[in-house]
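Engineer: The structure file start_9.txt (compact mmCIF, C-alpha atoms and all ligand atoms) is provided below.
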```
# COMPACT_ATOMS: atom_id res chain seq x y z
CA VAL F 19 13.12 -22.00 16.02
CA GLY F 20 12.00 -19.19 13.80
CA ALA F 21 9.95 -16.07 14.42
CA TYR F 22 7.66 -13.56 12.76
CA PHE F 23 9.54 -10.38 11.82
CA ASP F 24 7.04 -8.94 9.32
CA HIS F 25 4.88 -6.68 11.48
CA ASN F 26 4.67 -3.97 8.82
CA ALA F 27 2.67 -6.42 6.71
CA THR F 28 0.29 -7.25 9.54
CA THR F 29 0.39 -7.94 13.27
CA PRO F 30 -1.11 -10.66 15.44
CA LEU F 31 -4.31 -9.75 17.25
CA ASP F 32 -3.71 -8.66 20.85
CA PRO F 33 -5.49 -11.23 23.10
CA ARG F 34 -7.18 -8.33 24.92
CA VAL F 35 -8.51 -7.07 21.60
CA ARG F 36 -9.78 -10.53 20.73
CA ALA F 37 -11.49 -10.83 24.11
CA ALA F 38 -13.37 -7.59 23.44
CA MET F 39 -14.39 -8.76 19.98
CA LEU F 40 -15.53 -12.28 20.89
CA PRO F 41 -18.99 -11.41 22.29
CA TRP F 42 -19.69 -9.62 18.98
CA LEU F 43 -18.81 -12.80 17.10
CA GLY F 44 -21.15 -14.75 19.37
CA GLU F 45 -24.17 -13.86 21.41
CA ARG F 46 -24.01 -10.12 20.76
CA PHE F 47 -24.96 -8.95 17.30
CA GLY F 48 -26.97 -6.28 15.58
CA ASN F 49 -27.11 -3.87 12.70
CA ALA F 50 -25.87 -0.57 14.11
CA SER F 51 -28.47 1.23 11.99
CA SER F 52 -31.45 -0.69 13.42
CA ALA F 53 -33.73 1.18 15.80
CA HIS F 54 -34.39 -1.73 18.20
CA ARG F 55 -32.29 -2.60 21.21
CA TRP F 56 -29.99 -4.98 19.29
CA GLY F 57 -29.23 -2.17 16.89
CA GLN F 58 -28.80 0.39 19.63
CA ALA F 59 -26.31 -1.80 21.47
CA ALA F 60 -24.30 -2.30 18.28
CA ARG F 61 -24.41 1.43 17.60
CA GLU F 62 -23.18 2.20 21.09
CA ALA F 63 -20.27 -0.22 20.60
CA VAL F 64 -19.35 1.38 17.28
CA GLU F 65 -19.55 4.91 18.69
CA GLY F 66 -17.38 3.86 21.64
CA ALA F 67 -14.79 2.64 19.16
CA ARG F 68 -15.00 5.91 17.25
CA GLU F 69 -14.24 7.82 20.47
CA ARG F 70 -11.17 5.66 21.09
CA VAL F 71 -9.82 6.16 17.57
CA ALA F 72 -10.44 9.91 17.85
CA ALA F 73 -8.60 10.03 21.18
CA LEU F 74 -5.55 8.18 19.83
CA VAL F 75 -5.02 10.66 16.97
CA GLY F 76 -6.05 13.80 18.86
CA ALA F 77 -9.24 14.51 16.89
CA ALA F 78 -11.36 17.36 18.30
CA SER F 79 -14.51 15.23 17.93
CA PRO F 80 -15.28 11.57 17.17
CA LEU F 81 -17.54 12.83 14.38
CA GLU F 82 -14.37 13.64 12.41
CA VAL F 83 -13.53 9.94 12.24
CA LEU F 84 -14.91 8.00 9.28
CA PHE F 85 -14.63 4.22 9.50
CA THR F 86 -13.50 2.30 6.42
CA ALA F 87 -12.64 -1.33 5.75
CA SER F 88 -8.96 -0.71 5.02
CA GLY F 89 -6.21 1.86 4.78
CA THR F 90 -6.32 1.39 1.03
CA GLU F 91 -9.98 2.37 0.94
CA ALA F 92 -9.34 5.50 3.02
CA ASN F 93 -6.42 6.63 0.82
CA ASN F 94 -8.27 5.81 -2.41
CA ALA F 95 -11.32 7.78 -1.27
CA VAL F 96 -9.30 10.96 -0.68
CA VAL F 97 -7.46 10.68 -3.99
CA ALA F 98 -10.70 9.95 -5.89
CA ASP F 99 -12.31 13.05 -4.37
CA ALA F 100 -9.36 15.20 -5.44
CA LEU F 101 -9.32 13.69 -8.95
CA ALA F 102 -12.91 14.83 -9.36
CA ARG F 103 -11.83 18.38 -8.47
CA GLY F 104 -9.00 18.77 -10.91
CA GLY F 105 -5.60 18.03 -12.19
CA HIS F 106 -2.47 18.90 -10.19
CA PHE F 107 -1.11 16.69 -7.42
CA VAL F 108 2.04 16.90 -5.34
CA VAL F 109 2.93 13.56 -3.77
CA SER F 110 6.04 12.07 -2.23
CA ALA F 111 7.62 9.23 -4.17
CA LEU F 112 7.55 7.26 -0.92
CA GLU F 113 3.76 6.96 -0.87
CA HIS F 114 2.05 3.60 -0.62
CA PRO F 115 0.52 2.15 -3.81
CA SER F 116 -2.94 2.94 -2.40
CA VAL F 117 -2.09 6.64 -2.90
CA LEU F 118 0.04 6.37 -6.06
CA GLY F 119 -2.03 3.70 -7.86
CA PRO F 120 -5.12 5.87 -8.50
CA LEU F 121 -2.83 8.58 -9.95
CA GLU F 122 -1.14 6.35 -12.52
CA PRO F 123 -1.51 7.71 -16.06
CA SER F 124 -3.54 4.69 -17.15
CA ARG F 125 -6.14 5.43 -14.44
CA ALA F 126 -5.94 9.21 -14.29
CA PRO F 127 -4.77 10.33 -17.74
CA ARG F 128 -5.52 14.00 -17.09
CA ALA F 129 -3.84 14.26 -13.68
CA GLN F 130 -0.52 16.08 -13.52
CA VAL F 131 1.47 14.51 -10.73
CA ALA F 132 4.64 15.97 -9.23
CA ARG F 133 6.41 13.08 -7.47
CA ILE F 134 8.90 14.38 -4.95
CA ALA F 135 11.93 12.12 -4.55
CA PRO F 136 13.37 11.43 -1.10
CA ASP F 137 17.03 11.81 -0.25
CA ARG F 138 19.39 8.84 -0.03
CA ARG F 139 18.28 8.16 3.57
CA GLY F 140 14.61 7.93 2.61
CA ARG F 141 13.49 11.33 3.80
CA ILE F 142 11.55 13.95 1.90
CA ASP F 143 12.91 17.49 1.97
CA ALA F 144 9.97 19.68 3.04
CA GLY F 145 11.24 22.65 1.03
CA ARG F 146 11.32 20.66 -2.20
CA MET F 147 7.78 19.45 -1.67
CA ILE F 148 6.53 22.96 -0.82
CA GLU F 149 8.21 24.41 -3.93
CA ALA F 150 6.23 22.03 -6.10
CA LEU F 151 2.84 23.28 -4.82
CA GLY F 152 0.94 25.33 -7.37
CA ASP F 153 -2.19 27.47 -7.42
CA ASP F 154 -4.04 24.64 -9.14
CA THR F 155 -2.83 21.86 -6.79
CA VAL F 156 -5.89 19.93 -5.58
CA LEU F 157 -4.12 17.56 -3.19
CA ALA F 158 -0.73 17.01 -1.60
CA ALA F 159 0.18 13.67 -0.02
CA LEU F 160 2.97 12.93 2.44
CA MET F 161 2.96 9.81 4.59
CA LEU F 162 4.01 10.04 8.23
CA ALA F 163 6.22 6.95 8.14
CA ASN F 164 7.34 4.88 5.19
CA ASN F 165 6.35 1.22 5.25
CA GLU F 166 9.57 -0.12 3.68
CA ILE F 167 12.30 1.97 5.29
CA GLY F 168 10.45 3.24 8.35
CA THR F 169 11.65 6.83 7.92
CA LEU F 170 9.51 9.58 9.45
CA GLN F 171 8.61 12.50 7.21
CA PRO F 172 8.40 16.27 7.86
CA VAL F 173 4.61 16.31 7.66
CA ALA F 174 3.92 19.30 9.96
CA GLU F 175 6.21 21.55 7.95
CA VAL F 176 4.61 20.62 4.63
CA ALA F 177 1.12 20.83 6.16
CA ALA F 178 1.71 24.39 7.36
CA ALA F 179 2.64 25.49 3.83
CA CYS F 180 -0.34 23.64 2.36
CA ARG F 181 -2.71 25.28 4.82
CA ALA F 182 -1.38 28.73 4.01
CA ARG F 183 -2.23 28.08 0.36
CA GLY F 184 -5.54 26.31 0.95
CA ILE F 185 -4.28 22.98 -0.43
CA PRO F 186 -5.58 19.87 1.34
CA LEU F 187 -2.90 17.47 2.59
CA LEU F 188 -3.39 13.72 2.93
CA CYS F 189 -1.22 12.05 5.55
CA ASP F 190 -1.07 8.25 5.38
CA ALA F 191 -0.28 7.35 9.00
CA VAL F 192 -1.04 3.63 8.63
CA GLN F 193 2.48 2.57 9.67
CA ALA F 194 2.94 5.30 12.29
CA VAL F 195 -0.17 5.06 14.46
CA GLY F 196 0.40 2.83 17.45
CA LYS F 197 4.21 3.08 17.05
CA VAL F 198 4.82 6.81 17.54
CA ALA F 199 2.65 9.60 18.92
CA VAL F 200 0.30 10.97 16.26
CA ASP F 201 -1.74 14.14 16.75
CA VAL F 202 -3.77 15.57 13.89
CA GLN F 203 -3.75 19.07 15.41
CA GLU F 204 0.03 19.14 15.81
CA LEU F 205 0.50 17.75 12.31
CA GLY F 206 -1.99 20.24 10.86
CA VAL F 207 -3.05 17.87 8.07
CA ASP F 208 -6.50 17.64 6.46
CA TYR F 209 -6.83 13.87 6.12
CA LEU F 210 -5.13 11.12 8.11
CA THR F 211 -5.44 7.37 7.52
CA VAL F 212 -5.17 4.68 10.20
CA GLY F 213 -5.35 0.89 9.92
CA ALA F 214 -6.13 -1.38 12.89
CA HIS F 215 -4.27 -4.46 11.68
CA LYS F 216 -0.89 -2.75 11.80
CA PHE F 217 -1.01 -2.37 15.57
CA HIS F 218 -2.56 -5.57 16.91
CA GLY F 219 -6.13 -4.75 15.92
CA PRO F 220 -8.23 -6.80 13.51
CA LEU F 221 -8.25 -6.81 9.71
CA GLY F 222 -11.21 -5.08 8.11
CA ALA F 223 -11.18 -1.99 10.32
CA ALA F 224 -9.54 1.30 9.41
CA ALA F 225 -10.31 4.99 9.63
CA LEU F 226 -10.02 8.24 7.77
CA TRP F 227 -9.85 11.34 9.94
CA ILE F 228 -11.20 14.33 8.02
CA ARG F 229 -10.65 17.90 9.16
CA PRO F 230 -14.03 19.67 9.38
CA GLY F 231 -14.56 21.59 6.14
CA ALA F 232 -12.08 19.54 4.08
CA PRO F 233 -13.60 18.37 0.81
CA PHE F 234 -14.93 14.82 0.79
CA THR F 235 -17.27 13.11 -1.63
CA PRO F 236 -18.70 9.74 -0.55
CA PHE F 237 -17.12 6.78 -2.27
CA LEU F 238 -19.69 4.18 -1.26
CA VAL F 239 -23.25 5.47 -1.49
CA GLY F 240 -26.73 4.14 -0.78
CA GLY F 241 -27.26 3.87 2.96
CA SER F 242 -27.00 6.64 5.50
CA GLN F 243 -24.23 5.04 7.60
CA GLU F 244 -21.21 7.09 8.70
CA ARG F 245 -23.30 10.26 8.36
CA ARG F 246 -23.91 9.49 4.68
CA ARG F 247 -20.17 9.57 3.98
CA ARG F 248 -19.76 5.80 3.62
CA ALA F 249 -22.68 3.48 3.05
CA SER F 250 -22.27 -0.12 4.32
CA THR F 251 -23.50 -1.94 7.42
CA ALA F 252 -20.98 -1.37 10.19
CA ASN F 253 -18.50 -4.20 10.82
CA VAL F 254 -19.21 -4.17 14.56
CA PRO F 255 -16.77 -6.86 15.81
CA ALA F 256 -13.84 -5.40 13.86
CA LEU F 257 -14.62 -1.83 14.92
CA VAL F 258 -14.90 -2.86 18.57
CA GLY F 259 -11.47 -4.49 18.26
CA PHE F 260 -10.08 -1.40 16.51
CA GLY F 261 -11.24 0.77 19.42
CA VAL F 262 -9.59 -1.44 22.03
CA ALA F 263 -6.38 -1.67 19.99
CA CYS F 264 -6.30 2.16 19.95
CA GLU F 265 -6.86 2.41 23.67
CA LEU F 266 -4.07 -0.10 24.41
CA ALA F 267 -1.67 1.49 21.93
CA GLY F 268 -2.24 4.90 23.50
CA ALA F 269 -1.70 3.63 27.03
CA GLU F 270 1.37 1.54 26.15
CA LEU F 271 2.94 3.66 23.41
CA THR F 272 6.11 4.73 25.23
CA GLU F 273 6.80 1.30 26.65
CA ARG F 274 6.21 -0.45 23.32
CA ALA F 275 8.35 2.03 21.38
CA GLY F 276 11.21 1.64 23.85
CA ARG F 277 11.09 -2.15 23.69
CA LEU F 278 10.88 -2.22 19.90
CA ALA F 279 13.71 0.27 19.41
CA ALA F 280 15.89 -1.83 21.73
CA LEU F 281 15.20 -4.95 19.62
CA ARG F 282 15.88 -3.06 16.40
CA ASP F 283 19.14 -1.60 17.72
CA ARG F 284 20.24 -4.97 19.06
CA PHE F 285 19.52 -6.53 15.67
CA GLU F 286 21.35 -3.88 13.65
CA ALA F 287 24.39 -3.88 15.93
CA ALA F 288 24.71 -7.68 15.91
CA LEU F 289 24.16 -7.84 12.16
CA ALA F 290 26.86 -5.26 11.47
CA GLU F 291 29.30 -7.58 13.27
CA ALA F 292 28.10 -10.83 11.76
CA SER F 293 27.72 -9.46 8.25
CA PRO F 294 30.22 -6.61 7.81
CA GLY F 295 29.10 -5.58 4.30
CA VAL F 296 25.49 -4.96 5.34
CA VAL F 297 23.92 -1.57 4.53
CA VAL F 298 21.11 -0.21 6.75
CA HIS F 299 18.80 2.05 4.75
CA GLY F 300 17.62 5.15 6.61
CA ALA F 301 20.26 4.77 9.33
CA GLY F 302 20.71 8.11 11.05
CA ALA F 303 17.37 9.47 9.79
CA PRO F 304 14.41 9.80 12.17
CA ARG F 305 12.53 6.52 11.79
CA LEU F 306 9.97 4.17 13.31
CA PRO F 307 11.27 2.21 16.30
CA HIS F 308 10.65 -1.25 14.87
CA THR F 309 11.56 -1.24 11.17
CA SER F 310 14.93 -2.23 9.78
CA SER F 311 15.66 -2.20 6.07
CA VAL F 312 18.95 -3.97 5.38
CA ALA F 313 20.82 -4.70 2.17
CA PHE F 314 23.26 -7.54 1.53
CA PRO F 315 25.43 -6.74 -1.51
CA GLY F 316 25.51 -9.53 -4.06
CA THR F 317 22.30 -11.25 -2.93
CA VAL F 318 18.78 -11.44 -4.37
CA ASN F 319 16.28 -10.66 -1.62
CA GLN F 320 13.69 -13.09 -2.90
CA GLU F 321 16.08 -16.01 -2.56
CA LEU F 322 17.04 -14.84 0.91
CA MET F 323 13.43 -14.49 1.97
CA ILE F 324 12.49 -17.97 0.70
CA ARG F 325 15.49 -19.54 2.38
CA LEU F 326 14.64 -17.83 5.70
CA ASP F 327 11.00 -18.87 5.34
CA LEU F 328 12.06 -22.51 4.93
CA GLU F 329 13.89 -22.18 8.25
CA GLY F 330 10.87 -20.57 9.94
CA TRP F 331 11.70 -16.87 9.79
CA ALA F 332 9.20 -14.41 8.30
CA VAL F 333 10.69 -11.28 6.74
CA SER F 334 9.70 -9.22 3.74
CA ILE F 335 11.16 -8.01 0.48
CA GLY F 336 10.30 -4.45 -0.41
CA SER F 337 9.96 -5.35 -4.05
CA ALA F 338 7.53 -6.97 -6.42
CA CYS F 339 8.35 -9.89 -8.63
CA ALA F 340 6.85 -9.32 -12.07
CA SER F 341 6.86 -12.07 -14.69
CA GLY F 342 9.92 -13.82 -13.34
CA HIS F 343 12.07 -10.67 -13.19
CA VAL F 344 13.07 -9.33 -9.82
CA GLU F 345 12.28 -5.61 -9.82
CA PRO F 346 13.94 -3.25 -7.36
CA SER F 347 11.49 -1.53 -5.02
CA PRO F 348 10.26 1.82 -6.40
CA VAL F 349 10.94 3.36 -2.97
CA LEU F 350 14.60 2.29 -2.99
CA ARG F 351 14.90 3.41 -6.60
CA ALA F 352 13.49 6.84 -5.70
CA MET F 353 16.07 7.04 -2.90
CA GLY F 354 18.81 6.51 -5.47
CA VAL F 355 19.88 3.15 -4.08
CA PRO F 356 21.84 1.29 -6.78
CA GLY F 357 19.88 -1.54 -8.38
CA ASP F 358 22.06 -4.39 -7.10
CA LEU F 359 21.82 -3.11 -3.53
CA ALA F 360 18.04 -2.63 -3.85
CA ILE F 361 17.71 -6.22 -5.11
CA GLY F 362 19.53 -7.41 -1.98
CA THR F 363 17.29 -5.54 0.48
CA LEU F 364 15.18 -7.20 3.18
CA ARG F 365 12.68 -5.55 5.53
CA ILE F 366 12.69 -6.79 9.11
CA SER F 367 9.84 -5.38 11.22
CA PHE F 368 9.63 -6.23 14.90
CA GLY F 369 6.55 -6.52 17.08
CA THR F 370 5.60 -6.46 20.73
CA THR F 371 5.64 -10.26 20.95
CA ASN F 372 9.24 -10.55 19.71
CA ASP F 373 12.05 -10.81 22.23
CA ALA F 374 15.83 -10.48 22.37
CA SER F 375 16.43 -14.25 22.22
CA GLU F 376 14.65 -14.39 18.86
CA VAL F 377 16.83 -11.58 17.55
CA ASP F 378 19.97 -13.30 18.85
CA ALA F 379 19.00 -16.57 17.17
CA PHE F 380 18.06 -14.86 13.92
CA VAL F 381 21.19 -12.78 13.25
CA PRO F 382 23.62 -15.70 12.63
CA VAL F 383 21.03 -17.48 10.44
CA LEU F 384 20.53 -14.35 8.37
CA ALA F 385 24.24 -13.59 8.09
CA ARG F 386 25.02 -17.16 6.99
CA ALA F 387 22.20 -17.21 4.42
CA ALA F 388 23.35 -13.88 2.98
CA ARG F 389 26.96 -15.05 2.83
CA GLU F 390 26.11 -18.30 1.11
CA LEU F 391 23.71 -16.77 -1.38
CA ALA F 392 26.16 -13.98 -2.24
CA ALA F 393 28.80 -16.62 -2.99
CA ALA F 394 26.45 -18.70 -5.16
CA PRO F 395 26.42 -18.05 -8.93
CA ALA F 396 23.63 -15.60 -9.74
CA PRO F 397 20.67 -17.33 -11.49
CA ARG F 398 20.04 -14.52 -14.00
C1 LIG S 401 1.81 3.05 4.51
C2 LIG S 401 0.63 2.19 4.20
N1 LIG S 401 -0.48 2.76 3.73
C3 LIG S 401 -1.58 2.04 3.44
C4 LIG S 401 -1.59 0.68 3.59
C5 LIG S 401 -2.82 -0.09 3.20
O1 LIG S 401 -3.52 -0.53 4.29
P1 LIG S 401 -4.55 -1.76 4.18
O2 LIG S 401 -3.73 -2.99 4.17
O3 LIG S 401 -5.38 -1.61 5.41
O4 LIG S 401 -5.35 -1.57 2.93
C6 LIG S 401 -0.46 0.03 4.10
C7 LIG S 401 -0.44 -1.43 4.32
O5 LIG S 401 0.34 -2.16 3.80
C8 LIG S 401 0.69 0.82 4.40
O6 LIG S 401 1.82 0.26 4.84
```
Starting from the file, give its structure as structure tokens.

Structural biologist:
Amino acid sequence: VGAYFDHNATTPLDPRVRAAMLPWLGERFGNASSAHRWGQAAREAVEGARERVAALVGAASPLEVLFTASGTEANNAVVADALARGGHFVVSALEHPSVLGPLEPSRAPRAQVARIAPDRRGRIDAGRMIEALGDDTVLAALMLANNEIGTLQPVAEVAAACRARGIPLLCDAVQAVGKVAVDVQELGVDYLTVGAHKFHGPLGAAALWIRPGAPFTPFLVGGSQERRRRASTANVPALVGFGVACELAGAELTERAGRLAALRDRFEAALAEASPGVVVHGAGAPRLPHTSSVAFPGTVNQELMIRLDLEGWAVSIGSACASGHVEPSPVLRAMGVPGDLAIGTLRISFGTTNDASEVDAFVPVLARAARELAAAPAPR
């Protein structure tokens, strides 16, 4: 028994993706920048992958896609470029640490950062974000889907206002791509980040889509790879896998989303019966099909997670444990979730390899663990 319900952390490699990568971990190899036939073959494979990534996000040309090694790198690069241009940022409080981290006062003492809080359901109000834009704003950032709660954000509305004022908008779509339809033209953003390992592609492959004309200063310099925008020898096997993962996600998007939403709904309905006090964060808000953020009053999520892990179930806590103290997740805090409820919150994220029997087996285990831990004296 047991199952993996932590697909927002990372996903297993699709066997079809692995099959496409294997030759490039074996007899096929080459530096994509080399002029000889080994290099040319590698280059062709990389450019094929770039076309597939571009197609999945609706880019006008594959040349708009910059490959990076991670979503973190792509987000950091955009923020670093903006930091070099000036001081005022408007970001949602839901952003991933790879967007917020470089803007922390200790790292960017001169940056003025307006952090826009979400509502209680985990959704940013577009009007509030637009109001915060100023003439000196160098970058706005609004993710497409939050990694902890799964809520979808009003990116197109904010992007339209940003465009009208000439303010570049970064959209972190790492959790959204491969789960919901993503189109950079419809969204109207200037930068969009994608990570292969969140949708059954390999680790070490990610992309930054950059609207032509949007500011971008290279982060890694030296070689002429990626049209001089990111020096480093191309990670050919990972990029090949990334391309195939994009192609499969595009072809199977509707079917996958339907299956995942059915698992999520089955889980939440059964849990509400088995564990009547449970609170589902973001319920009723537009959200990703596969993410469920649930709170058990009176429990400490870390204890719950460890107990479930011992029984073979992988889930996640949306909070960091610093020096022995359990800290509520900054995202839940920004949503105004009371501290004790935030401390009792678990993130369950389903994947294409999960099935209904796993969900049915999991719910009673989870409900019992939550009940027993809530009854136990708190170890504070
Ligand atoms: C919303 C979001 N952005 C960015 C990242 C960072 O991606 P990577 O793990 O590829 O650095 C993650 C991954 O956890 C994420 O969930």

Engineer: With only C-alpha atoms as the atoms that count, which of F:Pro304, F:Gly152, F:Pro120, F:Pro356 lies nearest to Val198 (chain F)?

Structural biologist: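 Counting only C-alpha atoms, the residue closest to Val198 (chain F) is F:Pro304.
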
Engineer: Please identify the residues whose atoms come within 8 Å of ligand LIG 401 (chain S), using all atoms listed in the file, and report them as a tab-separated table (two decimals) with C-alpha atoms, keeping the file's coordinate frame.

Structural biologist:
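Everything below was put into out.tsv:
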```
chain	number	residue	atom	x	y	z
F	26	ASN	CA	4.67	-3.97	8.82
F	27	ALA	CA	2.67	-6.42	6.71
F	28	THR	CA	0.29	-7.25	9.54
F	87	ALA	CA	-12.64	-1.33	5.75
F	88	SER	CA	-8.96	-0.71	5.02
F	89	GLY	CA	-6.21	1.86	4.78
F	90	THR	CA	-6.32	1.39	1.03
F	91	GLU	CA	-9.98	2.37	0.94
F	93	ASN	CA	-6.42	6.63	0.82
F	113	GLU	CA	3.76	6.96	-0.87
F	114	HIS	CA	2.05	3.60	-0.62
F	115	PRO	CA	0.52	2.15	-3.81
F	116	SER	CA	-2.94	2.94	-2.40
F	117	VAL	CA	-2.09	6.64	-2.90
F	161	MET	CA	2.96	9.81	4.59
F	163	ALA	CA	6.22	6.95	8.14
F	164	ASN	CA	7.34	4.88	5.19
F	165	ASN	CA	6.35	1.22	5.25
F	166	GLU	CA	9.57	-0.12	3.68
F	190	ASP	CA	-1.07	8.25	5.38
F	191	ALA	CA	-0.28	7.35	9.00
F	192	VAL	CA	-1.04	3.63	8.63
F	193	GLN	CA	2.48	2.57	9.67
F	211	THR	CA	-5.44	7.37	7.52
F	212	VAL	CA	-5.17	4.68	10.20
F	213	GLY	CA	-5.35	0.89	9.92
F	214	ALA	CA	-6.13	-1.38	12.89
F	215	HIS	CA	-4.27	-4.46	11.68
F	216	LYS	CA	-0.89	-2.75	11.80
F	221	LEU	CA	-8.25	-6.81	9.71
F	222	GLY	CA	-11.21	-5.08	8.11
F	223	ALA	CA	-11.18	-1.99	10.32
F	224	ALA	CA	-9.54	1.30	9.41
```

Engineer: If we count all atoms listed in the file and set the cut-off at 8 Å, which residues sit around Ala111 (chain F), ignoring sequence neighbours fewer than 5 positions away in its own chain? Please answer as a ChimeraX atom specification.

Structural biologist: /F:133-136,349,352

Engineer: Residues at most 12 Å from region 124-131 of chain F, counting all atoms listed in the file, excluding those fewer than 4 positions away in the same chain, as a ChimeraX atom specification?

Structural biologist: /F:97-98,100-111,117-120,150-152,154-159

Engineer: Work out how far CA of Ala174 (chain F) is from CA of Val355 (chain F), in Å to one decimal.

Structural biologist: 26.7 Å

Engineer: Can you tell me which residues surround Asp378 (chain F) at a distance of at most 9 Å, considering only C-alpha atoms, apart from same-chain residues fewer than 5 positions away, and format the answer as an MDAnalysis selection string?

Structural biologist: chainID F and resid 284:285 288 373

Engineer: For Ser52 (chain F), which residue out of F:Leu384, F:Ala252, F:Thr317, F:Gly20 is the nearest one, using all atoms listed in the file?

Structural biologist: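 That would be F:Ala252, the residue with the smallest distance to Ser52 (chain F).
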
Engineer: Sorted by chain and rising residue number, which residues of region 61-160 of chain F lie within 9 Å of region 247-251 of chain F, and what are their closest atom pairs and distances in Å to one decimal, counting all atoms listed in the file, as a Markdown table?

Structural biologist:
```
| residue | atom | partner | partner_atom | distance |
| --- | --- | --- | --- | --- |
| F:Leu84 | CA | F:Arg247 | CA | 7.6 |
| F:Phe85 | CA | F:Arg248 | CA | 8.0 |
| F:Thr86 | CA | F:Arg248 | CA | 7.7 |
```

Engineer: Write to file, as a CSV table (one decimal), in the coordinates of the input, the residues of the selection just made, with C-alpha atoms.

Structural biologist:
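Wrote selection-v9.csv, looks like this:
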```csv
chain,number,residue,atom,x,y,z
F,84,LEU,CA,-14.9,8.0,9.3
F,85,PHE,CA,-14.6,4.2,9.5
F,86,THR,CA,-13.5,2.3,6.4
```
